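Chemist: Sharing a structure here in structure tokens format.
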Amino acid sequence: MQLYNTLSAKEREALIEEAGLERLTISFYQYARIGNPSIFRNHLFIHWNELDVLGRIYVAHEGINAQLSVPAVNFKSFKAHLDSITFLENVRLNIAIEQDNKSFLKLKVKVREKIVADGLNDASFDVTNKGIHVDAKKFNELIEDSDTILVDMRNHYESEIGHFKNAITPDVDTFRDSLDIIEKDLADHKEDKKLVMYCTGGIRCEKASAYYKHKGFKNVYQLEGGIIEYTRQVNNLNLENKFLGKNFVFDHRRGERITDDVIAHCHQCGNPCDNHVNCANEACHLLFIQCDACAEAMNQCCSVECKDIHELPYEEQKRLRKGKVVSNKIFKKGRSEVLKYKK
Ligand SMILES: [Zn+2]
Ligand SMILES: [Zn+2]
């Protein structure tokens, strides 16, 4: 029985191109009690692999967090399989605004301690005592209210390319950092203001809202389904879209355009730009914003040093990389001394 990927990303890419079939990029999450995450993980892998589903899925005792690419022709079977799992029946599926057949090239289902690396000790507060979930219409009303404080629960590289008007966008690398900063900044308004929060697809707010209630905030609201579901609703119901720019996403697309506003700048020349790239030097892989002109001039690298390495023969690059840890991949997203225009 096949329980893991057998194809490389390159082989998969070729297969997807050859098939020429439309794929849907979908995400969903559900907090639920899962007794044996490993068995559940294998169950998902076997069924989804059969349906040619790709993506990155985290399974834990506390639930599931999934980002997927599903062939459109298999969507019905995929949905039927989800509905056959008690706690996933009719789970809200966030369907990407901009589709890309290559958003994911492997099926990776991983068992983790938690479905979001939030750094919280869940035993220290009641995680089920969440904020009030609001839809796009109610959210639009709330954020016009002068008693509202609107907070973006995402990290700096996400809010940099797009966020709601008048939102507080903490300059943080991790979710845990933003929780503390926001609590400190808003300490005087725990009772008199409405704390309204949002994130990409809603999952981070599930814990954050409960955490803030535990910390004494009286009026806590969260955007149901995050920016993805908000955008779907404003489009369907013809509501005013109060988001500006792009929604950062965690797949090959890196971002999906919500409005035409370009609110960020190329980190190398300062010109208006909101395209995230990863430095082409594999030993660096820094995530940063780069315009087309700089991409050409720098051979898609973040620095002259990386460009020099990237242009060496591949075997030589591999020799240089040996034994070194690529810390940028995890911790240093979009921060580097070499990027002149990164705040
Ligand atoms: Zn540039
Ligand atoms: Zn680099």
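Scheme for the structure tokens: letters A, B, ... for chains in order shown; per-chain residue numbers from 1; ligand numbers from 1 in order shown.
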Find the nearest atom pair between each residue of chain A and ligand 1 for residues within 7 Å, count only C-alpha atoms and all ligand atoms, give distances in Å to one decimal, sort rows by chain and ascending number, and present the table as JSON lines.
Modeler:
```
{"residue": "A:Cys266", "atom": "CA", "partner": "ligand 1", "partner_atom_place_in_ligand_line": "1 (Zn)", "distance": 4.6}
{"residue": "A:His267", "atom": "CA", "partner": "ligand 1", "partner_atom_place_in_ligand_line": "1 (Zn)", "distance": 6.6}
{"residue": "A:Gln268", "atom": "CA", "partner": "ligand 1", "partner_atom_place_in_ligand_line": "1 (Zn)", "distance": 5.0}
{"residue": "A:Cys269", "atom": "CA", "partner": "ligand 1", "partner_atom_place_in_ligand_line": "1 (Zn)", "distance": 4.0}
{"residue": "A:Gly270", "atom": "CA", "partner": "ligand 1", "partner_atom_place_in_ligand_line": "1 (Zn)", "distance": 6.1}
{"residue": "A:Asn271", "atom": "CA", "partner": "ligand 1", "partner_atom_place_in_ligand_line": "1 (Zn)", "distance": 5.8}
{"residue": "A:Gln290", "atom": "CA", "partner": "ligand 1", "partner_atom_place_in_ligand_line": "1 (Zn)", "distance": 5.4}
{"residue": "A:Cys291", "atom": "CA", "partner": "ligand 1", "partner_atom_place_in_ligand_line": "1 (Zn)", "distance": 4.2}
{"residue": "A:Asp292", "atom": "CA", "partner": "ligand 1", "partner_atom_place_in_ligand_line": "1 (Zn)", "distance": 6.7}
{"residue": "A:Ala293", "atom": "CA", "partner": "ligand 1", "partner_atom_place_in_ligand_line": "1 (Zn)", "distance": 5.8}
{"residue": "A:Cys294", "atom": "CA", "partner": "ligand 1", "partner_atom_place_in_ligand_line": "1 (Zn)", "distance": 4.3}
```
Chemist: Within 9 Å of ligand 2, counting only C-alpha atoms and all ligand atoms, which protein or nucleic acid residues do you find, written as a PyMOL selection string?
Modeler: chain A and resi 278-287+300-307+310+328+336+338
Chemist: From the list A:Thr148, A:Asn140, A:Ser27, A:Asn155, which residue is nearest Asn219 (chain A) when using only C-alpha atoms?
Modeler: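 So, comparing all the options, the nearest one is A:Thr148.
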Chemist: Hey, what's within 8 Å of Leu195 (chain A) if we count only C-alpha atoms and toss same-chain stuff fewer than 2 positions away? As a PDB file with N, CA, C and O atoms, in the first residue's frame, please?
Modeler:
```pdb
ATOM      1  N   THR A 148     -14.341  50.372  17.246  1.00  0.00           N
ATOM      2  CA  THR A 148     -13.671  49.138  16.837  1.00  0.00           C
ATOM      3  C   THR A 148     -12.165  49.323  16.692  1.00  0.00           C
ATOM      4  O   THR A 148     -11.709  50.331  16.178  1.00  0.00           O
ATOM      5  N   ILE A 149     -11.426  48.325  17.166  1.00  0.00           N
ATOM      6  CA  ILE A 149     -10.001  48.237  16.849  1.00  0.00           C
ATOM      7  C   ILE A 149      -9.829  47.001  15.979  1.00  0.00           C
ATOM      8  O   ILE A 149     -10.170  45.890  16.385  1.00  0.00           O
ATOM      9  N   LEU A 150      -9.351  47.218  14.761  1.00  0.00           N
ATOM     10  CA  LEU A 150      -9.210  46.123  13.801  1.00  0.00           C
ATOM     11  C   LEU A 150      -7.770  45.631  13.791  1.00  0.00           C
ATOM     12  O   LEU A 150      -6.835  46.413  13.615  1.00  0.00           O
ATOM     13  N   VAL A 151      -7.602  44.326  13.987  1.00  0.00           N
ATOM     14  CA  VAL A 151      -6.251  43.771  14.087  1.00  0.00           C
ATOM     15  C   VAL A 151      -6.024  42.654  13.070  1.00  0.00           C
ATOM     16  O   VAL A 151      -6.843  41.746  12.929  1.00  0.00           O
ATOM     17  N   LYS A 193     -13.587  48.861  24.015  1.00  0.00           N
ATOM     18  CA  LYS A 193     -13.513  48.768  22.547  1.00  0.00           C
ATOM     19  C   LYS A 193     -13.909  47.383  22.052  1.00  0.00           C
ATOM     20  O   LYS A 193     -13.867  46.398  22.784  1.00  0.00           O
ATOM     21  N   MET A 197     -10.815  40.883  14.666  1.00  0.00           N
ATOM     22  CA  MET A 197      -9.600  40.317  14.080  1.00  0.00           C
ATOM     23  C   MET A 197      -9.878  39.498  12.834  1.00  0.00           C
ATOM     24  O   MET A 197     -10.989  39.031  12.609  1.00  0.00           O
ATOM     25  N   PHE A 217     -10.438  40.649  27.372  1.00  0.00           N
ATOM     26  CA  PHE A 217     -11.138  41.460  26.371  1.00  0.00           C
ATOM     27  C   PHE A 217     -12.611  41.041  26.353  1.00  0.00           C
ATOM     28  O   PHE A 217     -12.938  39.864  26.261  1.00  0.00           O
ATOM     29  N   ASN A 219     -15.223  42.332  24.245  1.00  0.00           N
ATOM     30  CA  ASN A 219     -15.939  42.293  22.961  1.00  0.00           C
ATOM     31  C   ASN A 219     -15.007  41.840  21.846  1.00  0.00           C
ATOM     32  O   ASN A 219     -14.287  42.644  21.268  1.00  0.00           O
ATOM     33  N   VAL A 220     -15.020  40.540  21.578  1.00  0.00           N
ATOM     34  CA  VAL A 220     -14.079  39.984  20.606  1.00  0.00           C
ATOM     35  C   VAL A 220     -14.839  39.397  19.408  1.00  0.00           C
ATOM     36  O   VAL A 220     -15.750  38.588  19.571  1.00  0.00           O
ATOM     37  N   TYR A 221     -14.443  39.839  18.221  1.00  0.00           N
ATOM     38  CA  TYR A 221     -15.070  39.370  16.982  1.00  0.00           C
ATOM     39  C   TYR A 221     -14.006  38.813  16.041  1.00  0.00           C
ATOM     40  O   TYR A 221     -12.870  39.281  16.051  1.00  0.00           O
TER      41      TYR A 221
END
```
Chemist: As a PyMOL selection string, please: every residue in region 74-174 of chain A that DSSP puts in strand (DSSP E or B).
Modeler: chain A and resi 94-95+107-111+132-134+148-152+162-164+168
Chemist: Residues of the last selection are to be written out with all heavy atoms, as a compact mmCIF listing (two decimals), in the first residue's frame.
Modeler:
```
# COMPACT_ATOMS: atom_id res chain seq x y z
N ASN A 94 -12.67 26.70 1.72
CA ASN A 94 -12.25 27.99 1.14
C ASN A 94 -11.67 27.71 -0.24
O ASN A 94 -10.65 27.03 -0.36
CB ASN A 94 -11.18 28.64 2.01
CG ASN A 94 -11.77 29.40 3.19
OD1 ASN A 94 -12.93 29.85 3.14
ND2 ASN A 94 -11.01 29.51 4.25
N ILE A 95 -12.33 28.22 -1.26
CA ILE A 95 -11.85 27.97 -2.62
C ILE A 95 -11.09 29.20 -3.09
O ILE A 95 -11.58 30.32 -2.98
CB ILE A 95 -13.03 27.65 -3.55
CG1 ILE A 95 -13.78 26.46 -2.92
CG2 ILE A 95 -12.53 27.36 -4.97
CD1 ILE A 95 -14.64 25.64 -3.79
N LEU A 107 1.67 15.48 -2.40
CA LEU A 107 0.69 15.28 -1.34
C LEU A 107 1.46 14.98 -0.06
O LEU A 107 2.10 13.93 0.06
CB LEU A 107 -0.26 14.13 -1.68
CG LEU A 107 -1.29 13.77 -0.59
CD1 LEU A 107 -2.19 14.96 -0.25
CD2 LEU A 107 -2.15 12.59 -1.03
N LYS A 108 1.43 15.93 0.86
CA LYS A 108 2.14 15.73 2.12
C LYS A 108 1.14 15.82 3.26
O LYS A 108 0.58 16.89 3.52
CB LYS A 108 3.21 16.81 2.31
CG LYS A 108 4.38 16.68 1.37
CD LYS A 108 5.46 17.69 1.71
CE LYS A 108 6.62 17.58 0.73
NZ LYS A 108 7.56 18.70 0.87
N VAL A 109 0.90 14.70 3.91
CA VAL A 109 0.01 14.68 5.07
C VAL A 109 0.88 14.42 6.28
O VAL A 109 1.51 13.36 6.37
CB VAL A 109 -1.09 13.60 4.95
CG1 VAL A 109 -2.14 13.80 6.03
CG2 VAL A 109 -1.74 13.62 3.57
N LYS A 110 0.97 15.39 7.17
CA LYS A 110 1.90 15.26 8.29
C LYS A 110 1.20 15.25 9.63
O LYS A 110 0.28 16.04 9.85
CB LYS A 110 2.90 16.41 8.27
CG LYS A 110 3.80 16.37 7.06
CD LYS A 110 4.86 17.42 7.12
CE LYS A 110 5.84 17.20 5.98
NZ LYS A 110 6.81 18.26 5.85
N VAL A 111 1.66 14.39 10.50
CA VAL A 111 1.15 14.39 11.87
C VAL A 111 1.98 15.37 12.68
O VAL A 111 3.21 15.32 12.66
CB VAL A 111 1.24 12.98 12.49
CG1 VAL A 111 0.83 13.01 13.97
CG2 VAL A 111 0.36 12.01 11.72
N ILE A 132 -16.99 36.17 18.58
CA ILE A 132 -18.20 36.09 17.76
C ILE A 132 -17.79 36.06 16.29
O ILE A 132 -17.04 36.93 15.83
CB ILE A 132 -19.12 37.30 18.03
CG1 ILE A 132 -19.56 37.30 19.50
CG2 ILE A 132 -20.31 37.31 17.08
CD1 ILE A 132 -20.22 38.59 19.95
N HIS A 133 -18.25 35.04 15.57
CA HIS A 133 -17.92 34.94 14.14
C HIS A 133 -18.81 35.89 13.35
O HIS A 133 -20.03 35.90 13.55
CB HIS A 133 -18.15 33.51 13.64
CG HIS A 133 -17.13 32.53 14.14
ND1 HIS A 133 -17.09 32.12 15.46
CD2 HIS A 133 -16.11 31.90 13.51
CE1 HIS A 133 -16.08 31.26 15.60
NE2 HIS A 133 -15.47 31.12 14.44
N VAL A 134 -18.20 36.69 12.46
CA VAL A 134 -19.02 37.59 11.65
C VAL A 134 -18.77 37.35 10.16
O VAL A 134 -17.68 36.96 9.75
CB VAL A 134 -18.75 39.08 11.98
CG1 VAL A 134 -19.20 39.39 13.40
CG2 VAL A 134 -17.28 39.44 11.80
N THR A 148 -14.34 50.37 17.25
CA THR A 148 -13.67 49.14 16.84
C THR A 148 -12.17 49.32 16.69
O THR A 148 -11.71 50.33 16.18
CB THR A 148 -14.24 48.65 15.48
OG1 THR A 148 -15.57 48.17 15.69
CG2 THR A 148 -13.40 47.53 14.89
N ILE A 149 -11.43 48.33 17.17
CA ILE A 149 -10.00 48.24 16.85
C ILE A 149 -9.83 47.00 15.98
O ILE A 149 -10.17 45.89 16.39
CB ILE A 149 -9.14 48.12 18.12
CG1 ILE A 149 -9.35 49.36 19.00
CG2 ILE A 149 -7.67 47.98 17.75
CD1 ILE A 149 -8.63 49.28 20.34
N LEU A 150 -9.35 47.22 14.76
CA LEU A 150 -9.21 46.12 13.80
C LEU A 150 -7.77 45.63 13.79
O LEU A 150 -6.83 46.41 13.61
CB LEU A 150 -9.61 46.62 12.41
CG LEU A 150 -9.50 45.60 11.26
CD1 LEU A 150 -10.41 44.41 11.49
CD2 LEU A 150 -9.82 46.28 9.93
N VAL A 151 -7.60 44.33 13.99
CA VAL A 151 -6.25 43.77 14.09
C VAL A 151 -6.02 42.65 13.07
O VAL A 151 -6.84 41.75 12.93
CB VAL A 151 -6.00 43.22 15.52
CG1 VAL A 151 -4.61 42.62 15.61
CG2 VAL A 151 -6.17 44.31 16.55
N ASP A 152 -4.91 42.76 12.37
CA ASP A 152 -4.49 41.73 11.42
C ASP A 152 -3.66 40.70 12.18
O ASP A 152 -2.63 41.04 12.76
CB ASP A 152 -3.64 42.40 10.33
CG ASP A 152 -3.36 41.49 9.15
OD1 ASP A 152 -3.10 40.30 9.38
OD2 ASP A 152 -3.40 41.98 8.00
N GLY A 162 -0.96 43.24 1.49
CA GLY A 162 -2.41 43.42 1.46
C GLY A 162 -3.00 43.34 2.85
O GLY A 162 -2.59 42.51 3.65
N HIS A 163 -3.92 44.23 3.16
CA HIS A 163 -4.61 44.18 4.45
C HIS A 163 -5.87 45.04 4.38
O HIS A 163 -6.07 45.77 3.41
CB HIS A 163 -3.69 44.66 5.58
CG HIS A 163 -3.09 46.01 5.35
ND1 HIS A 163 -3.79 47.19 5.48
CD2 HIS A 163 -1.84 46.37 4.95
CE1 HIS A 163 -3.01 48.20 5.20
NE2 HIS A 163 -1.82 47.75 4.87
N PHE A 164 -6.70 44.96 5.41
CA PHE A 164 -7.90 45.79 5.43
C PHE A 164 -7.53 47.23 5.78
O PHE A 164 -6.57 47.47 6.55
CB PHE A 164 -8.91 45.25 6.45
CG PHE A 164 -9.69 44.08 5.93
CD1 PHE A 164 -9.37 42.79 6.31
CD2 PHE A 164 -10.73 44.28 5.03
CE1 PHE A 164 -10.08 41.70 5.81
CE2 PHE A 164 -11.45 43.20 4.52
CZ PHE A 164 -11.12 41.91 4.91
N ILE A 168 -4.58 47.38 12.25
CA ILE A 168 -3.27 47.34 12.90
C ILE A 168 -2.55 46.12 12.35
O ILE A 168 -3.11 45.01 12.38
CB ILE A 168 -3.42 47.22 14.43
CG1 ILE A 168 -4.12 48.46 14.99
CG2 ILE A 168 -2.06 47.00 15.09
CD1 ILE A 168 -4.47 48.34 16.47
```
Chemist: Hey, which of A:Asp83, A:Asp145, A:Asp135, A:Glu183 ends up closest to Glu229 (chain A)? Count only C-alpha atoms.
Modeler: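 Once distances to Glu229 (chain A) are computed over only C-alpha atoms, the minimum belongs to A:Asp135.
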Chemist: If we count only C-alpha atoms and set the cut-off at 6 Å, which residues sit around Tyr198 (chain A), ignoring sequence neighbours fewer than 2 positions away in its own chain? Please answer as a list of chain:residue names.
Modeler: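 The contact residues come out as A:Asp152, A:Met153, A:Gln222, A:Leu223, A:Gly226.
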Chemist: Go ahead and save the residues from that selection, with N, CA and C atoms, as a short mmCIF file (atom, residue, chain, number, x, y, z; two decimals), in the first residue's frame.
Modeler:
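Wrote it out as selection.cif, contents follow:
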```cif
data_model
loop_
_atom_site.label_atom_id
_atom_site.label_comp_id
_atom_site.auth_asym_id
_atom_site.auth_seq_id
_atom_site.Cartn_x
_atom_site.Cartn_y
_atom_site.Cartn_z
N ASP A 152 -4.91 42.76 12.37
CA ASP A 152 -4.49 41.73 11.42
C ASP A 152 -3.66 40.70 12.18
N MET A 153 -4.11 39.45 12.21
CA MET A 153 -3.42 38.43 13.01
C MET A 153 -2.30 37.71 12.25
N GLN A 222 -14.39 37.86 15.22
CA GLN A 222 -13.44 37.32 14.24
C GLN A 222 -14.13 37.13 12.89
N LEU A 223 -13.36 37.40 11.83
CA LEU A 223 -13.91 37.28 10.47
C LEU A 223 -13.99 35.80 10.08
N GLY A 226 -11.97 34.09 7.17
CA GLY A 226 -10.85 34.96 6.83
C GLY A 226 -11.04 35.74 5.53
#
```
Chemist: Near Lys213 (chain A), within 10 Å and counting only C-alpha atoms, which residues show up once chain neighbours fewer than 2 positions away are dropped, as a list in words?
Modeler: Phe125, Asp126, Val127, Asn129, Lys130, Gly131, Lys190, Leu195, Ala208, Ser209, Ala210, Tyr211, Lys215, Gly216, Phe217, Lys218, Asn219 and Val220 of chain A
Chemist: Show which residues sit within 8 Å of Ile26 (chain A), as a ChimeraX atom specification. Count only C-alpha atoms, and ignore same-chain residues fewer than 4 positions away.
Modeler: /A:67-70,93-96
Chemist: Can you measure CA of Arg321 (chain A) to CA of Asn299 (chain A) for me? One decimal in Å is fine.
Modeler: 19.1 Å
Chemist: Would you mind listing what lies within 12 Å of Asp52 (chain A) as JSON, numbers by chain, with only C-alpha atoms counted and same-chain residues fewer than 6 positions away left out?
Modeler: {"A": [5, 7, 12, 15, 16, 19, 21, 23, 24, 44, 45, 46, 68, 69, 70, 71, 72, 73, 74, 75, 77, 78, 104, 105, 106, 107]}
Chemist: Can you list every residue in region 250-325 of chain A that DSSP puts in helix (DSSP H, G or I), as a PDB file with N, CA and C atoms, in the first residue's frame?
Modeler:
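Final output, part_18.pdb:
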```pdb
ATOM      1  N   ASP A 292      10.194  42.973 -11.593  1.00  0.00           N
ATOM      2  CA  ASP A 292      10.725  42.266 -12.759  1.00  0.00           C
ATOM      3  C   ASP A 292      12.111  42.765 -13.150  1.00  0.00           C
ATOM      4  N   ALA A 293      12.296  44.091 -13.088  1.00  0.00           N
ATOM      5  CA  ALA A 293      13.584  44.659 -13.500  1.00  0.00           C
ATOM      6  C   ALA A 293      14.699  44.177 -12.575  1.00  0.00           C
ATOM      7  N   CYS A 294      14.428  44.182 -11.263  1.00  0.00           N
ATOM      8  CA  CYS A 294      15.446  43.705 -10.319  1.00  0.00           C
ATOM      9  C   CYS A 294      15.661  42.200 -10.456  1.00  0.00           C
ATOM     10  N   ALA A 295      14.594  41.467 -10.747  1.00  0.00           N
ATOM     11  CA  ALA A 295      14.721  40.016 -10.924  1.00  0.00           C
ATOM     12  C   ALA A 295      15.688  39.724 -12.067  1.00  0.00           C
ATOM     13  N   GLU A 296      15.583  40.522 -13.118  1.00  0.00           N
ATOM     14  CA  GLU A 296      16.456  40.306 -14.262  1.00  0.00           C
ATOM     15  C   GLU A 296      17.898  40.713 -13.925  1.00  0.00           C
ATOM     16  N   ALA A 297      18.037  41.878 -13.318  1.00  0.00           N
ATOM     17  CA  ALA A 297      19.377  42.385 -12.994  1.00  0.00           C
ATOM     18  C   ALA A 297      20.096  41.487 -11.980  1.00  0.00           C
ATOM     19  N   VAL A 304      24.133  40.303  -4.151  1.00  0.00           N
ATOM     20  CA  VAL A 304      25.213  39.990  -5.094  1.00  0.00           C
ATOM     21  C   VAL A 304      25.878  38.676  -4.683  1.00  0.00           C
ATOM     22  N   GLU A 305      26.031  38.504  -3.386  1.00  0.00           N
ATOM     23  CA  GLU A 305      26.638  37.265  -2.864  1.00  0.00           C
ATOM     24  C   GLU A 305      25.850  36.035  -3.327  1.00  0.00           C
ATOM     25  N   CYS A 306      24.511  36.106  -3.169  1.00  0.00           N
ATOM     26  CA  CYS A 306      23.675  34.977  -3.590  1.00  0.00           C
ATOM     27  C   CYS A 306      23.744  34.792  -5.109  1.00  0.00           C
ATOM     28  N   LYS A 307      23.782  35.896  -5.830  1.00  0.00           N
ATOM     29  CA  LYS A 307      23.837  35.831  -7.291  1.00  0.00           C
ATOM     30  C   LYS A 307      25.109  35.106  -7.731  1.00  0.00           C
ATOM     31  N   ASP A 308      26.233  35.435  -7.091  1.00  0.00           N
ATOM     32  CA  ASP A 308      27.507  34.792  -7.426  1.00  0.00           C
ATOM     33  C   ASP A 308      27.441  33.284  -7.181  1.00  0.00           C
ATOM     34  N   ILE A 309      26.849  32.906  -6.061  1.00  0.00           N
ATOM     35  CA  ILE A 309      26.733  31.472  -5.745  1.00  0.00           C
ATOM     36  C   ILE A 309      25.794  30.779  -6.733  1.00  0.00           C
ATOM     37  N   HIS A 310      24.654  31.433  -6.981  1.00  0.00           N
ATOM     38  CA  HIS A 310      23.642  30.861  -7.871  1.00  0.00           C
ATOM     39  C   HIS A 310      24.202  30.612  -9.274  1.00  0.00           C
ATOM     40  N   TYR A 314      26.240  23.708 -10.593  1.00  0.00           N
ATOM     41  CA  TYR A 314      25.376  23.163  -9.543  1.00  0.00           C
ATOM     42  C   TYR A 314      26.143  22.307  -8.536  1.00  0.00           C
ATOM     43  N   GLU A 315      27.078  21.505  -9.022  1.00  0.00           N
ATOM     44  CA  GLU A 315      27.853  20.640  -8.114  1.00  0.00           C
ATOM     45  C   GLU A 315      28.652  21.456  -7.105  1.00  0.00           C
ATOM     46  N   GLU A 316      29.186  22.581  -7.596  1.00  0.00           N
ATOM     47  CA  GLU A 316      29.956  23.488  -6.735  1.00  0.00           C
ATOM     48  C   GLU A 316      29.035  24.100  -5.664  1.00  0.00           C
ATOM     49  N   GLN A 317      27.807  24.462  -6.069  1.00  0.00           N
ATOM     50  CA  GLN A 317      26.826  25.001  -5.113  1.00  0.00           C
ATOM     51  C   GLN A 317      26.523  23.981  -4.019  1.00  0.00           C
ATOM     52  N   LYS A 318      26.354  22.740  -4.461  1.00  0.00           N
ATOM     53  CA  LYS A 318      26.024  21.681  -3.505  1.00  0.00           C
ATOM     54  C   LYS A 318      27.154  21.491  -2.491  1.00  0.00           C
ATOM     55  N   ARG A 319      28.384  21.588  -2.989  1.00  0.00           N
ATOM     56  CA  ARG A 319      29.554  21.419  -2.124  1.00  0.00           C
ATOM     57  C   ARG A 319      29.566  22.530  -1.060  1.00  0.00           C
ATOM     58  N   LEU A 320      29.239  23.764  -1.500  1.00  0.00           N
ATOM     59  CA  LEU A 320      29.231  24.911  -0.579  1.00  0.00           C
ATOM     60  C   LEU A 320      28.144  24.784   0.488  1.00  0.00           C
ATOM     61  N   ARG A 321      27.016  24.190   0.077  1.00  0.00           N
ATOM     62  CA  ARG A 321      25.862  24.088   0.983  1.00  0.00           C
ATOM     63  C   ARG A 321      26.042  23.052   2.077  1.00  0.00           C
TER      64      ARG A 321
END
```
Chemist: Which residue is closest to Ala167 (chain A)? Choose from A:Val249, A:Ile85, A:Val262, A:Leu244 and count only C-alpha atoms.
Modeler: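 Comparing A:Val249, A:Ile85, A:Val262, A:Leu244 against Ala167 (chain A), the winner is A:Leu244.
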Chemist: What gap, in Å, lies between CA of Arg112 (chain A) and CA of His61 (chain A)?
Modeler: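 Distance reported for this atom pair: 8.3 Å.
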Chemist: Have a look at A:Glu311, A:Glu256, A:Asp180, A:Glu240 and name the one nearest to Ile228 (chain A); count only C-alpha atoms.
Modeler: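 Closest candidate: A:Glu256.
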